[in-house]
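*Asks:* So that you have it, the file is run_38.tsv, and it contains TSV, C-alpha atoms:
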chain	number	residue	atom	x	y	z
M	87	MET	CA	213.57	-17.77	151.07
M	88	GLY	CA	213.90	-20.89	153.27
M	89	CYS	CA	217.48	-21.20	152.07
M	90	GLN	CA	218.26	-17.58	153.02
M	91	TRP	CA	217.03	-18.30	156.52
M	92	LEU	CA	219.21	-21.39	156.68
M	93	VAL	CA	222.24	-19.29	155.69
M	94	PHE	CA	221.28	-16.65	158.27
M	95	LEU	CA	220.88	-19.26	161.03
M	96	THR	CA	224.17	-20.94	160.10
M	97	VAL	CA	226.00	-17.58	160.25
M	98	LEU	CA	224.33	-16.87	163.60
M	99	LEU	CA	225.42	-20.26	164.95
M	100	PHE	CA	229.03	-19.72	163.85
M	101	SER	CA	229.04	-16.23	165.40
M	102	ALA	CA	227.81	-17.68	168.69
M	103	VAL	CA	230.55	-20.34	168.66
M	104	ALA	CA	233.20	-17.70	167.88
M	105	GLU	CA	231.84	-15.46	170.65
M	106	ALA	CA	231.90	-18.30	173.17
M	107	SER	CA	235.47	-19.27	172.31
M	108	ASP	CA	236.60	-15.63	172.90
M	109	CYS	CA	235.29	-15.86	176.47
M	110	ALA	CA	237.04	-19.12	177.18
M	111	THR	CA	236.92	-19.21	180.95
M	112	ASP	CA	236.47	-22.97	180.92
M	113	GLY	CA	239.62	-23.72	179.06
M	114	VAL	CA	241.78	-21.61	176.84
M	115	PRO	CA	244.05	-23.33	174.27
M	116	ILE	CA	247.59	-23.80	175.64
M	117	VAL	CA	249.21	-21.97	172.69
M	118	ARG	CA	247.58	-19.01	170.92
M	119	ASN	CA	248.67	-16.77	168.06
M	120	ILE	CA	248.61	-13.21	169.46
M	121	SER	CA	247.86	-11.76	166.01
M	122	GLU	CA	244.60	-13.75	166.04
M	123	ILE	CA	243.45	-12.36	169.41
M	124	GLU	CA	240.86	-9.57	169.25
M	125	GLN	CA	242.44	-6.11	169.04
M	126	ASP	CA	240.27	-3.05	169.64
M	127	SER	CA	240.26	0.54	170.88
M	128	TYR	CA	237.14	-0.09	172.98
M	129	GLY	CA	236.08	3.43	172.12
M	130	ILE	CA	239.18	4.97	173.72
M	131	PRO	CA	240.87	7.42	171.30
M	132	GLY	CA	244.41	6.39	170.34
M	133	LEU	CA	244.33	3.04	172.16
M	134	SER	CA	244.90	-0.39	170.71
M	135	HIS	CA	244.39	-3.15	173.29
M	136	VAL	CA	244.93	-6.92	173.18
M	137	THR	CA	244.20	-9.10	176.21
M	138	VAL	CA	246.97	-11.68	175.82
M	139	ALA	CA	245.99	-13.51	179.00
M	140	GLY	CA	242.96	-12.33	180.92
M	141	SER	CA	240.99	-13.18	184.00
M	142	VAL	CA	237.47	-12.45	182.78
M	143	MET	CA	238.29	-13.46	179.19
M	144	HIS	CA	240.47	-16.54	179.70
M	145	GLY	CA	240.05	-17.62	183.30
M	146	PHE	CA	243.47	-16.70	184.71
M	147	LYS	CA	243.20	-16.08	188.43
M	148	GLU	CA	246.42	-14.37	189.54
M	149	ILE	CA	247.96	-12.54	186.59
M	150	GLU	CA	246.81	-10.71	183.50
M	151	VAL	CA	248.91	-9.71	180.48
M	152	TRP	CA	247.98	-7.05	177.90
M	153	LEU	CA	249.58	-5.60	174.79
M	154	GLN	CA	248.74	-1.95	174.34
M	155	THR	CA	249.61	0.81	171.89
M	156	LEU	CA	249.02	4.52	172.41
M	157	ALA	CA	249.05	6.86	169.42
M	158	PRO	CA	251.03	10.13	169.72
M	159	GLY	CA	249.29	12.61	172.01
M	160	THR	CA	247.04	10.04	173.70
M	161	GLY	CA	247.20	8.30	177.06
M	162	THR	CA	245.44	6.47	179.84
M	163	PRO	CA	243.05	8.21	182.22
M	164	ILE	CA	244.45	9.40	185.56
M	165	HIS	CA	243.70	6.36	187.72
M	166	ARG	CA	244.67	4.05	190.57
M	167	HIS	CA	244.18	0.38	191.41
M	168	SER	CA	245.00	-1.93	194.27
M	169	CYS	CA	247.37	-4.32	192.51
M	170	GLU	CA	250.94	-4.61	191.30
M	171	GLU	CA	251.48	-3.39	187.73
M	172	ILE	CA	254.61	-3.80	185.62
M	173	PHE	CA	255.19	-2.31	182.15
M	174	VAL	CA	257.70	-3.39	179.52
M	175	VAL	CA	258.09	-0.78	176.77
M	176	GLN	CA	258.67	-2.41	173.41
M	177	LYS	CA	258.73	0.60	171.07
M	178	GLY	CA	258.38	4.37	171.17
M	179	SER	CA	258.68	6.65	174.16
M	180	GLY	CA	256.44	8.61	176.47
M	181	THR	CA	255.89	9.89	179.99
M	182	LEU	CA	254.68	8.28	183.17
M	183	TYR	CA	252.93	10.71	185.51
M	184	LEU	CA	252.91	9.35	189.06
M	185	ALA	CA	251.53	10.82	192.28
M	186	SER	CA	252.73	8.93	195.30
M	187	ASN	CA	251.18	11.33	197.82
M	188	SER	CA	248.71	8.94	199.39
M	189	HIS	CA	248.72	11.01	202.60
M	190	LEU	CA	246.97	13.89	200.82
M	191	LYS	CA	243.25	14.02	200.12
M	192	TYR	CA	243.96	14.25	196.37
M	193	PRO	CA	246.84	13.05	194.15
M	194	GLY	CA	248.43	16.49	193.63
M	195	ASN	CA	251.00	17.38	190.99
M	196	PRO	CA	252.54	14.14	189.71
M	197	GLN	CA	256.22	13.36	189.19
M	198	GLU	CA	257.19	12.92	185.54
M	199	PHE	CA	259.23	9.92	184.43
M	200	PRO	CA	260.44	9.54	180.84
M	201	VAL	CA	259.86	5.98	179.59
M	202	PHE	CA	261.51	4.58	176.45
M	203	ALA	CA	261.95	1.47	174.30
M	204	ASN	CA	263.42	-1.43	176.29
M	205	SER	CA	262.62	0.20	179.61
M	206	THR	CA	260.49	-1.28	182.36
M	207	PHE	CA	258.50	0.64	184.91
M	208	HIS	CA	256.11	-0.26	187.72
M	209	ILE	CA	253.29	1.41	189.58
M	210	PRO	CA	253.38	1.09	193.38
M	211	VAL	CA	250.09	-0.35	194.67
M	212	ASN	CA	247.36	2.33	194.79
M	213	ASP	CA	249.56	5.17	193.47
M	214	VAL	CA	247.63	7.46	191.11
M	215	HIS	CA	249.15	7.45	187.62
M	216	GLN	CA	248.77	8.11	183.94
M	217	VAL	CA	250.81	6.88	180.96
M	218	TRP	CA	251.02	9.26	178.01
M	219	ASN	CA	252.58	9.04	174.57
M	220	THR	CA	254.38	12.40	174.56
M	221	ASN	CA	256.38	11.46	171.45
M	222	GLU	CA	254.79	13.22	168.47
M	223	GLN	CA	256.39	10.92	165.89
M	224	GLU	CA	255.78	7.37	167.03
M	225	ASP	CA	253.27	5.01	168.62
M	226	LEU	CA	254.10	3.84	172.15
M	227	HIS	CA	253.97	0.01	172.40
M	228	PHE	CA	254.10	-1.77	175.74
M	229	ILE	CA	253.24	-4.95	177.61
M	230	VAL	CA	251.29	-4.57	180.86
M	231	VAL	CA	251.27	-7.19	183.61
M	232	ILE	CA	248.90	-6.85	186.57
M	233	SER	CA	248.17	-8.95	189.64
M	234	ARG	CA	244.82	-9.61	191.36
M	235	PRO	CA	242.65	-9.59	188.25
M	236	PRO	CA	240.00	-8.53	187.44
M	237	VAL	CA	241.17	-5.15	188.70
M	238	LYS	CA	238.92	-2.39	189.99
M	239	VAL	CA	240.06	0.94	188.51
M	240	PHE	CA	239.29	4.32	190.11
M	241	VAL	CA	239.42	7.18	187.62
M	242	TYR	CA	240.16	10.87	188.35
M	243	ASP	CA	239.10	13.88	186.25
M	244	ASP	CA	242.30	15.70	187.26
M	245	TRP	CA	245.20	15.53	189.73
M	246	PHE	CA	243.32	17.61	192.31
M	247	MET	CA	240.14	15.54	192.47
M	248	PRO	CA	239.78	14.04	195.98
M	249	HIS	CA	240.57	10.29	196.22
M	250	THR	CA	237.05	9.78	197.57
M	251	ALA	CA	235.51	11.30	194.42
M	252	ALA	CA	237.39	9.05	191.95
M	253	GLN	CA	234.95	6.99	189.92
M	254	LEU	CA	234.99	3.19	189.86
M	255	ARG	CA	235.18	1.72	186.35
M	256	PHE	CA	234.46	-1.98	186.50
M	257	PRO	CA	234.67	-4.15	184.54
M	258	PHE	CA	237.39	-2.88	182.18
M	259	PRO	CA	235.94	-1.90	178.77
M	260	TRP	CA	237.65	-4.94	177.19
M	261	ASP	CA	236.12	-7.27	179.76
M	262	GLU	CA	232.53	-6.08	179.38
M	263	ARG	CA	231.59	-8.61	176.71
M	264	CYS	CA	232.80	-11.62	178.73
M	265	TYR	CA	232.02	-10.35	182.23
M	266	GLN	CA	229.12	-12.17	183.80
M	267	THR	CA	229.07	-12.74	187.55
M	268	PRO	CA	231.53	-11.57	190.20
M	269	PRO	CA	234.20	-14.27	190.51
M	270	VAL	CA	234.57	-15.79	193.96
M	271	LYS	CA	238.21	-15.40	194.99
M	272	ASP	CA	240.28	-14.83	198.07
M	273	GLU	CA	241.83	-11.41	198.46
M	274	LEU	CA	245.62	-11.44	198.67
T	4	MET	CA	301.14	2.24	199.38
T	5	GLY	CA	298.57	4.10	201.50
T	6	CYS	CA	297.15	5.53	198.31
T	7	GLN	CA	296.81	2.05	196.79
T	8	TRP	CA	294.84	0.97	199.82
T	9	LEU	CA	292.60	4.00	199.48
T	10	VAL	CA	291.90	3.08	195.82
T	11	PHE	CA	291.20	-0.53	196.85
T	12	LEU	CA	288.82	0.53	199.63
T	13	THR	CA	287.04	2.99	197.33
T	14	VAL	CA	286.54	0.26	194.69
T	15	LEU	CA	285.29	-2.08	197.42
T	16	LEU	CA	282.85	0.54	198.64
T	17	PHE	CA	281.48	1.18	195.14
T	18	SER	CA	281.11	-2.58	194.55
T	19	ALA	CA	279.15	-2.91	197.76
T	20	VAL	CA	276.85	-0.05	196.76
T	21	ALA	CA	276.33	-1.56	193.28
T	22	GLU	CA	275.61	-4.95	194.84
T	23	ALA	CA	273.10	-3.48	197.25
T	24	SER	CA	271.27	-1.61	194.49
T	25	ASP	CA	270.91	-4.88	192.51
T	26	CYS	CA	269.06	-6.41	195.46
T	27	ALA	CA	266.76	-3.45	195.86
T	28	THR	CA	263.99	-4.92	197.96
T	29	ASP	CA	263.60	-1.66	199.83
T	30	GLY	CA	262.84	0.41	196.80
T	31	VAL	CA	263.53	-0.14	193.15
T	32	PRO	CA	263.65	2.88	190.79
T	33	ILE	CA	260.29	3.44	189.07
T	34	VAL	CA	261.83	3.33	185.56
T	35	ARG	CA	264.76	1.09	184.65
T	36	ASN	CA	266.65	0.45	181.41
T	37	ILE	CA	266.35	-3.29	180.74
T	38	SER	CA	269.68	-3.34	178.90
T	39	GLU	CA	271.35	-2.21	182.15
T	40	ILE	CA	269.84	-5.03	184.23
T	41	GLU	CA	272.14	-7.98	184.94
T	42	GLN	CA	272.01	-10.66	182.23
T	43	ASP	CA	273.52	-14.07	182.93
T	44	SER	CA	273.30	-17.79	182.15
T	45	TYR	CA	273.60	-18.68	185.85
T	46	GLY	CA	275.61	-21.71	184.75
T	47	ILE	CA	272.74	-23.11	182.65
T	48	PRO	CA	273.98	-23.95	179.12
T	49	GLY	CA	272.23	-21.96	176.38
T	50	LEU	CA	270.27	-19.72	178.77
T	51	SER	CA	270.29	-15.96	178.98
T	52	HIS	CA	268.16	-14.66	181.84
T	53	VAL	CA	267.15	-11.14	182.91
T	54	THR	CA	264.92	-10.56	185.94
T	55	VAL	CA	262.94	-7.54	184.71
T	56	ALA	CA	260.83	-7.42	187.87
T	57	GLY	CA	261.55	-9.85	190.66
T	58	SER	CA	260.35	-10.73	194.09
T	59	VAL	CA	263.65	-11.57	195.78
T	60	MET	CA	265.61	-9.07	193.68
T	61	HIS	CA	263.23	-6.10	193.57
T	62	GLY	CA	260.60	-6.67	196.23
T	63	PHE	CA	257.56	-7.37	194.05
T	64	LYS	CA	255.08	-9.49	195.96
T	65	GLU	CA	252.54	-10.83	193.48
T	66	ILE	CA	254.12	-10.98	190.03
T	67	GLU	CA	257.51	-11.57	188.50
T	68	VAL	CA	258.63	-10.82	184.92
T	69	TRP	CA	261.66	-12.34	183.17
T	70	LEU	CA	263.25	-12.04	179.75
T	71	GLN	CA	264.84	-15.29	178.67
T	72	THR	CA	266.66	-16.57	175.59
T	73	LEU	CA	267.39	-20.23	174.81
T	74	ALA	CA	270.06	-21.09	172.25
T	75	PRO	CA	269.23	-23.73	169.60
T	76	GLY	CA	269.13	-27.22	171.11
T	77	THR	CA	268.79	-26.06	174.72
T	78	GLY	CA	265.84	-25.83	177.08
T	79	THR	CA	264.53	-25.68	180.61
T	80	PRO	CA	264.62	-28.66	182.95
T	81	ILE	CA	261.48	-30.81	183.18
T	82	HIS	CA	259.73	-29.13	186.11
T	83	ARG	CA	256.52	-28.03	187.83
T	84	HIS	CA	255.48	-25.20	190.15
T	85	SER	CA	252.37	-24.13	191.98
T	86	CYS	CA	251.70	-20.81	190.24
T	87	GLU	CA	250.29	-19.37	187.07
T	88	GLU	CA	252.84	-18.91	184.29
T	89	ILE	CA	252.34	-17.07	181.01
T	90	PHE	CA	254.85	-16.87	178.14
T	91	VAL	CA	254.99	-14.35	175.31
T	92	VAL	CA	257.31	-15.48	172.51
T	93	GLN	CA	259.12	-12.55	170.95
T	94	LYS	CA	261.42	-14.24	168.45
T	95	GLY	CA	262.32	-17.73	167.24
T	96	SER	CA	260.37	-20.94	167.66
T	97	GLY	CA	260.45	-24.06	169.78
T	98	THR	CA	258.44	-26.74	171.51
T	99	LEU	CA	256.51	-26.83	174.76
T	100	TYR	CA	256.36	-30.29	176.30
T	101	LEU	CA	253.46	-30.51	178.74
T	102	ALA	CA	252.24	-33.41	180.88
T	103	SER	CA	248.83	-32.71	182.34
T	104	ASN	CA	248.40	-36.17	183.86
T	105	SER	CA	248.37	-35.18	187.50
T	106	HIS	CA	246.35	-38.31	188.35
T	107	LEU	CA	249.36	-40.52	187.54
T	108	LYS	CA	252.28	-41.09	189.89
T	109	TYR	CA	254.68	-39.63	187.28
T	110	PRO	CA	254.26	-37.08	184.46
T	111	GLY	CA	254.32	-39.64	181.60
T	112	ASN	CA	254.83	-38.83	177.92
T	113	PRO	CA	254.17	-35.14	177.42
T	114	GLN	CA	252.07	-33.51	174.72
T	115	GLU	CA	254.09	-31.44	172.25
T	116	PHE	CA	253.01	-27.91	171.36
T	117	PRO	CA	254.84	-25.87	168.71
T	118	VAL	CA	255.43	-22.31	169.92
T	119	PHE	CA	256.43	-19.46	167.61
T	120	ALA	CA	257.14	-15.72	167.40
T	121	ASN	CA	254.15	-13.65	168.53
T	122	SER	CA	252.50	-16.61	170.23
T	123	THR	CA	251.51	-16.82	173.88
T	124	PHE	CA	251.26	-19.96	175.93
T	125	HIS	CA	250.51	-20.77	179.55
T	126	ILE	CA	251.25	-23.58	181.98
T	127	PRO	CA	248.31	-24.82	184.03
T	128	VAL	CA	249.15	-24.70	187.76
T	129	ASN	CA	251.32	-27.70	188.76
T	130	ASP	CA	251.48	-29.26	185.28
T	131	VAL	CA	254.92	-30.71	184.54
T	132	HIS	CA	256.54	-29.00	181.57
T	133	GLN	CA	259.67	-28.16	179.63
T	134	VAL	CA	260.35	-25.44	177.04
T	135	TRP	CA	262.90	-26.33	174.35
T	136	ASN	CA	264.42	-24.43	171.46
T	137	THR	CA	263.93	-27.06	168.74
T	138	ASN	CA	264.79	-24.57	166.00
T	139	GLU	CA	268.37	-25.24	164.87
T	140	GLN	CA	268.82	-21.82	163.27
T	141	GLU	CA	267.66	-19.24	165.77
T	142	ASP	CA	267.59	-18.29	169.44
T	143	LEU	CA	264.21	-18.50	171.16
T	144	HIS	CA	263.36	-15.21	172.94
T	145	PHE	CA	260.42	-14.95	175.32
T	146	ILE	CA	258.94	-13.06	178.25
T	147	VAL	CA	257.85	-15.09	181.27
T	148	VAL	CA	255.29	-13.89	183.81
T	149	ILE	CA	254.66	-15.85	187.00
T	150	SER	CA	252.42	-15.38	190.02
T	151	ARG	CA	253.14	-16.14	193.69
T	152	PRO	CA	256.86	-15.32	193.66
T	153	PRO	CA	259.35	-16.47	194.76
T	154	VAL	CA	258.31	-19.77	193.18
T	155	LYS	CA	259.33	-23.20	194.43
T	156	VAL	CA	260.37	-25.33	191.45
T	157	PHE	CA	260.35	-29.14	191.51
T	158	VAL	CA	262.69	-30.66	188.93
T	159	TYR	CA	262.40	-34.10	187.25
T	160	ASP	CA	265.24	-36.15	185.71
T	161	ASP	CA	262.81	-37.55	183.11
T	162	TRP	CA	259.10	-37.83	182.35
T	163	PHE	CA	258.77	-41.11	184.26
T	164	MET	CA	260.27	-39.94	187.56
T	165	PRO	CA	257.57	-40.11	190.30
T	166	HIS	CA	256.16	-36.72	191.33
T	167	THR	CA	257.28	-37.49	194.87
T	168	ALA	CA	260.90	-37.87	193.76
T	169	ALA	CA	261.11	-34.49	191.97
T	170	GLN	CA	263.77	-32.30	193.56
T	171	LEU	CA	263.05	-28.89	195.04
T	172	ARG	CA	265.24	-26.11	193.63
T	173	PHE	CA	264.87	-23.01	195.75
T	174	PRO	CA	265.78	-20.25	195.45
T	175	PHE	CA	266.05	-19.89	191.65
T	176	PRO	CA	269.70	-19.67	190.53
T	177	TRP	CA	269.19	-15.97	189.65
T	178	ASP	CA	267.79	-15.24	193.10
T	179	GLU	CA	270.59	-16.85	195.08
T	180	ARG	CA	272.67	-13.70	195.40
T	181	CYS	CA	269.82	-11.59	196.79
T	182	TYR	CA	267.96	-14.30	198.71
T	183	GLN	CA	268.28	-13.89	202.44
T	184	THR	CA	265.42	-14.93	204.69
T	185	PRO	CA	262.11	-16.54	203.78
T	186	PRO	CA	259.67	-13.71	203.08
T	187	VAL	CA	256.58	-13.67	205.25
T	188	LYS	CA	253.58	-13.65	202.93
T	189	ASP	CA	250.05	-14.95	202.75
T	190	GLU	CA	249.45	-17.86	200.40
T	191	LEU	CA	246.91	-17.12	197.69
What do you get writing this file as structure tokens?
*Replies:*
Amino acid sequence: MGCQWLVFLTVLLFSAVAEASDCATDGVPIVRNISEIEQDSYGIPGLSHVTVAGSVMHGFKEIEVWLQTLAPGTGTPIHRHSCEEIFVVQKGSGTLYLASNSHLKYPGNPQEFPVFANSTFHIPVNDVHQVWNTNEQEDLHFIVVISRPPVKVFVYDDWFMPHTAAQLRFPFPWDERCYQTPPVKDEL
Amino acid sequence: MGCQWLVFLTVLLFSAVAEASDCATDGVPIVRNISEIEQDSYGIPGLSHVTVAGSVMHGFKEIEVWLQTLAPGTGTPIHRHSCEEIFVVQKGSGTLYLASNSHLKYPGNPQEFPVFANSTFHIPVNDVHQVWNTNEQEDLHFIVVISRPPVKVFVYDDWFMPHTAAQLRFPFPWDERCYQTPPVKDEL
């Protein structure tokens, strides 16, 4: 019985060490194998997310890099954020919905942009957008780069919800485990 | 003869338009085909560089994304810069040389880190470094993400050159064509 407890405590200790090294704000190894970084849907249907280089998770201050996959027929929420965002599509195809009507009280009908393998696209700061895998056959794989992490995301139920009613989601689902106290940083 | 001149002027006009759209600081298309973006060595042996999203070239203010390839036996200069830099290796393998001895008057012997396909690595702000394709068989393909563009790069002849003697290279070779006046921006 004593031995079982020892095993239990040893497992617990190793879990704690593994947990701590995932939230490596004090020093992340210089080189990391991306296939060994945690990959999860974070409860979002169709999503696979990997934080390659994160602010909350790894201590980066000015840029954040993600690898994401969207299954056919799934996409991001309709949302906006006050940062630069650049996508590099690695595989598959889909549609970017983008509402650049910041003079209106709500996003309004978005423009549709086809995106495809080996394309890049960007989201102008604060423009309301949604990325959707509209290809029924294939997953949509892309790299996301954002500035000013950790980013505050405002989510809309639909394209006619007033900007003022959009709901703040912070921290990102994938940052919740490592998020502790608001980082002190200068605004750009 | 008049007709020949008309053809010449028309070609000149189209060239000017093409040139202007490459330096699209006033508005870059939302979606772009990466294979249609200019790819060049910029006179650097073994390099292939594509500015996917640039500050000088496209008007991004906080992040810059490049695609680079290094042929076997070639690499970057020994250099440092005051920004965050994250690499994602897509194909091939190589070596990162990194000198984190900022307390010395010169970089000194660097640490060697093997880098490989599907690995990510980062350069701590101001650390002197060099990326080299040490694989004799295969090109090294990677994505580079930097903050605070356009970045001022200080180049060293060797690892024992004093930090104070490192030479400023600005703008980057790939920015020279579009670079005009120093952008007015807040420092982070």
*Asks:* Please identify all polymer residues within 7 Å of stretch 59-72 of chain T, counting only C-alpha atoms, omitting same-chain residues fewer than 5 positions from it, and present them as a list in words.
*Replies:*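 Result of the neighbour search: Glu170 and Ser233 of chain M; Asp25, Cys26, Ala27, Thr28, Asp29, Val31, Leu50, Ser51, His52, Val53, Thr54, Asp142, Leu143, His144, Phe145, Ile146, Val147, Val148, Ile149, Ser150, Arg151, Pro152, Pro153, Asp178, Cys181 and Tyr182 of chain T.
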*Asks:* Go ahead and save the residues from that selection, with C-alpha atoms, as a PDB file, in the coordinates of the input.
*Replies:*
ATOM      1  CA  GLU M 170     250.940  -4.610 191.300  1.00  0.00           C
ATOM      2  CA  SER M 233     248.170  -8.950 189.640  1.00  0.00           C
TER       3      SER M 233
ATOM      4  CA  ASP T  25     270.910  -4.880 192.510  1.00  0.00           C
ATOM      5  CA  CYS T  26     269.060  -6.410 195.460  1.00  0.00           C
ATOM      6  CA  ALA T  27     266.760  -3.450 195.860  1.00  0.00           C
ATOM      7  CA  THR T  28     263.990  -4.920 197.960  1.00  0.00           C
ATOM      8  CA  ASP T  29     263.600  -1.660 199.830  1.00  0.00           C
ATOM      9  CA  VAL T  31     263.530  -0.140 193.150  1.00  0.00           C
ATOM     10  CA  LEU T  50     270.270 -19.720 178.770  1.00  0.00           C
ATOM     11  CA  SER T  51     270.290 -15.960 178.980  1.00  0.00           C
ATOM     12  CA  HIS T  52     268.160 -14.660 181.840  1.00  0.00           C
ATOM     13  CA  VAL T  53     267.150 -11.140 182.910  1.00  0.00           C
ATOM     14  CA  THR T  54     264.920 -10.560 185.940  1.00  0.00           C
ATOM     15  CA  ASP T 142     267.590 -18.290 169.440  1.00  0.00           C
ATOM     16  CA  LEU T 143     264.210 -18.500 171.160  1.00  0.00           C
ATOM     17  CA  HIS T 144     263.360 -15.210 172.940  1.00  0.00           C
ATOM     18  CA  PHE T 145     260.420 -14.950 175.320  1.00  0.00           C
ATOM     19  CA  ILE T 146     258.940 -13.060 178.250  1.00  0.00           C
ATOM     20  CA  VAL T 147     257.850 -15.090 181.270  1.00  0.00           C
ATOM     21  CA  VAL T 148     255.290 -13.890 183.810  1.00  0.00           C
ATOM     22  CA  ILE T 149     254.660 -15.850 187.000  1.00  0.00           C
ATOM     23  CA  SER T 150     252.420 -15.380 190.020  1.00  0.00           C
ATOM     24  CA  ARG T 151     253.140 -16.140 193.690  1.00  0.00           C
ATOM     25  CA  PRO T 152     256.860 -15.320 193.660  1.00  0.00           C
ATOM     26  CA  PRO T 153     259.350 -16.470 194.760  1.00  0.00           C
ATOM     27  CA  ASP T 178     267.790 -15.240 193.100  1.00  0.00           C
ATOM     28  CA  CYS T 181     269.820 -11.590 196.790  1.00  0.00           C
ATOM     29  CA  TYR T 182     267.960 -14.300 198.710  1.00  0.00           C
TER      30      TYR T 182
END
*Asks:* Just the residues within 10 Å of T:Pro32, please, counting all atoms listed in the file, with nothing from its chain fewer than 2 positions along; format it as a PyMOL selection string.
*Replies:* (chain M and resi 206-208) or (chain T and resi 24+27+30+34-35+61)
*Asks:* Can you tell me, as a list in words, what residues are no more than 12 Å from M:Glu224 when counting only C-alpha atoms, ignoring any on the same chain fewer than 3 positions away?
*Replies:*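 Selected residues are Gly132, Thr155, Leu156, Ala157, Pro158, Gly159, Thr160, Lys177, Gly178, Ser179, Gly180, Phe202, Ala203, Asn219, Thr220, Asn221 and His227 of chain M.
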*Asks:* Could you please take those selected residues and save C-alpha atoms as a PDB file, in the coordinates of the input?
*Replies:*
ATOM      1  CA  GLY M 132     244.410   6.390 170.340  1.00  0.00           C
ATOM      2  CA  THR M 155     249.610   0.810 171.890  1.00  0.00           C
ATOM      3  CA  LEU M 156     249.020   4.520 172.410  1.00  0.00           C
ATOM      4  CA  ALA M 157     249.050   6.860 169.420  1.00  0.00           C
ATOM      5  CA  PRO M 158     251.030  10.130 169.720  1.00  0.00           C
ATOM      6  CA  GLY M 159     249.290  12.610 172.010  1.00  0.00           C
ATOM      7  CA  THR M 160     247.040  10.040 173.700  1.00  0.00           C
ATOM      8  CA  LYS M 177     258.730   0.600 171.070  1.00  0.00           C
ATOM      9  CA  GLY M 178     258.380   4.370 171.170  1.00  0.00           C
ATOM     10  CA  SER M 179     258.680   6.650 174.160  1.00  0.00           C
ATOM     11  CA  GLY M 180     256.440   8.610 176.470  1.00  0.00           C
ATOM     12  CA  PHE M 202     261.510   4.580 176.450  1.00  0.00           C
ATOM     13  CA  ALA M 203     261.950   1.470 174.300  1.00  0.00           C
ATOM     14  CA  ASN M 219     252.580   9.040 174.570  1.00  0.00           C
ATOM     15  CA  THR M 220     254.380  12.400 174.560  1.00  0.00           C
ATOM     16  CA  ASN M 221     256.380  11.460 171.450  1.00  0.00           C
ATOM     17  CA  HIS M 227     253.970   0.010 172.400  1.00  0.00           C
TER      18      HIS M 227
END
*Asks:* Please determine, counting all atoms listed in the file, which residue among M:Pro259, M:Ile164, M:Tyr183, M:Gln266 has the shortest atom-to-atom distance to M:Tyr128.
*Replies:*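 Using all atoms listed in the file, the shortest distance to M:Tyr128 belongs to M:Pro259.
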*Asks:* Kindly extract all protein, DNA and RNA residues lying within 12 Å of the coordinates (236.8, 10.7, 198.4) given in the file, considering only C-alpha atoms, and supply them as an MDAnalysis selection string.
*Replies:* chainID M and resid 190:193 240:242 246:254
*Asks:* Counting all atoms listed in the file, what is within 8 Å of M:Val237, bar same-chain residues fewer than 2 positions away, as a ChimeraX atom specification?
*Replies:* /M:167-169,234-235,239,256-258
*Asks:* Could you state the separation of atom CA of T:Gln133 and atom CA of T:Thr98 in Å, given to one decimal place?
*Replies:* 8.3 Å
*Asks:* Select, from T:Thr79, T:Ser105, T:Ser122, T:Asn129, the residue with the minimum atom-to-atom distance to chain M, counting all atoms listed in the file.
*Replies:*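 The shortest atom-to-atom distance to chain M comes from T:Ser122.
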*Asks:* So the first atom is atom CA of M:Glu122 and the second is atom CA of T:His132; what is the distance between them in Å, to one decimal place?
*Replies:*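 These two atoms are separated by 24.8 Å.
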*Asks:* Have a look at atom CA of T:Leu101 and atom CA of M:Gly140 and let me know their distance in Å, one decimal.
*Replies:*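 Pair atom CA of T:Leu101 / atom CA of M:Gly140 returns 21.1 Å.
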*Asks:* In terms of the shortest atom-to-atom distance over all atoms listed in the file, which of T:Asn121, T:Phe116, T:Ala102, T:Gly78 is closest to M:Asn119?
*Replies:*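 Distance minimum relative to M:Asn119 lands on T:Asn121.
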*Asks:* Measuring between only C-alpha atoms, which one of M:Pro210, M:Gly129, M:Arg263, M:His165 shows the shortest distance to chain T?
*Replies:* M:Pro210
*Asks:* Quick one: of T:Asp161, T:Glu88, T:Glu179, T:Asp130, who's nearest to chain M, counting only C-alpha atoms?
*Replies:*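 The closest residue to chain M is T:Glu88.
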*Asks:* Nearest to M:Val214 among M:Ile130, M:Ile116, M:Leu182, M:Val201, with distances taken over only C-alpha atoms: which residue is it?
*Replies:*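 Of M:Ile130, M:Ile116, M:Leu182, M:Val201, the one nearest M:Val214, counting only C-alpha atoms, is M:Leu182.
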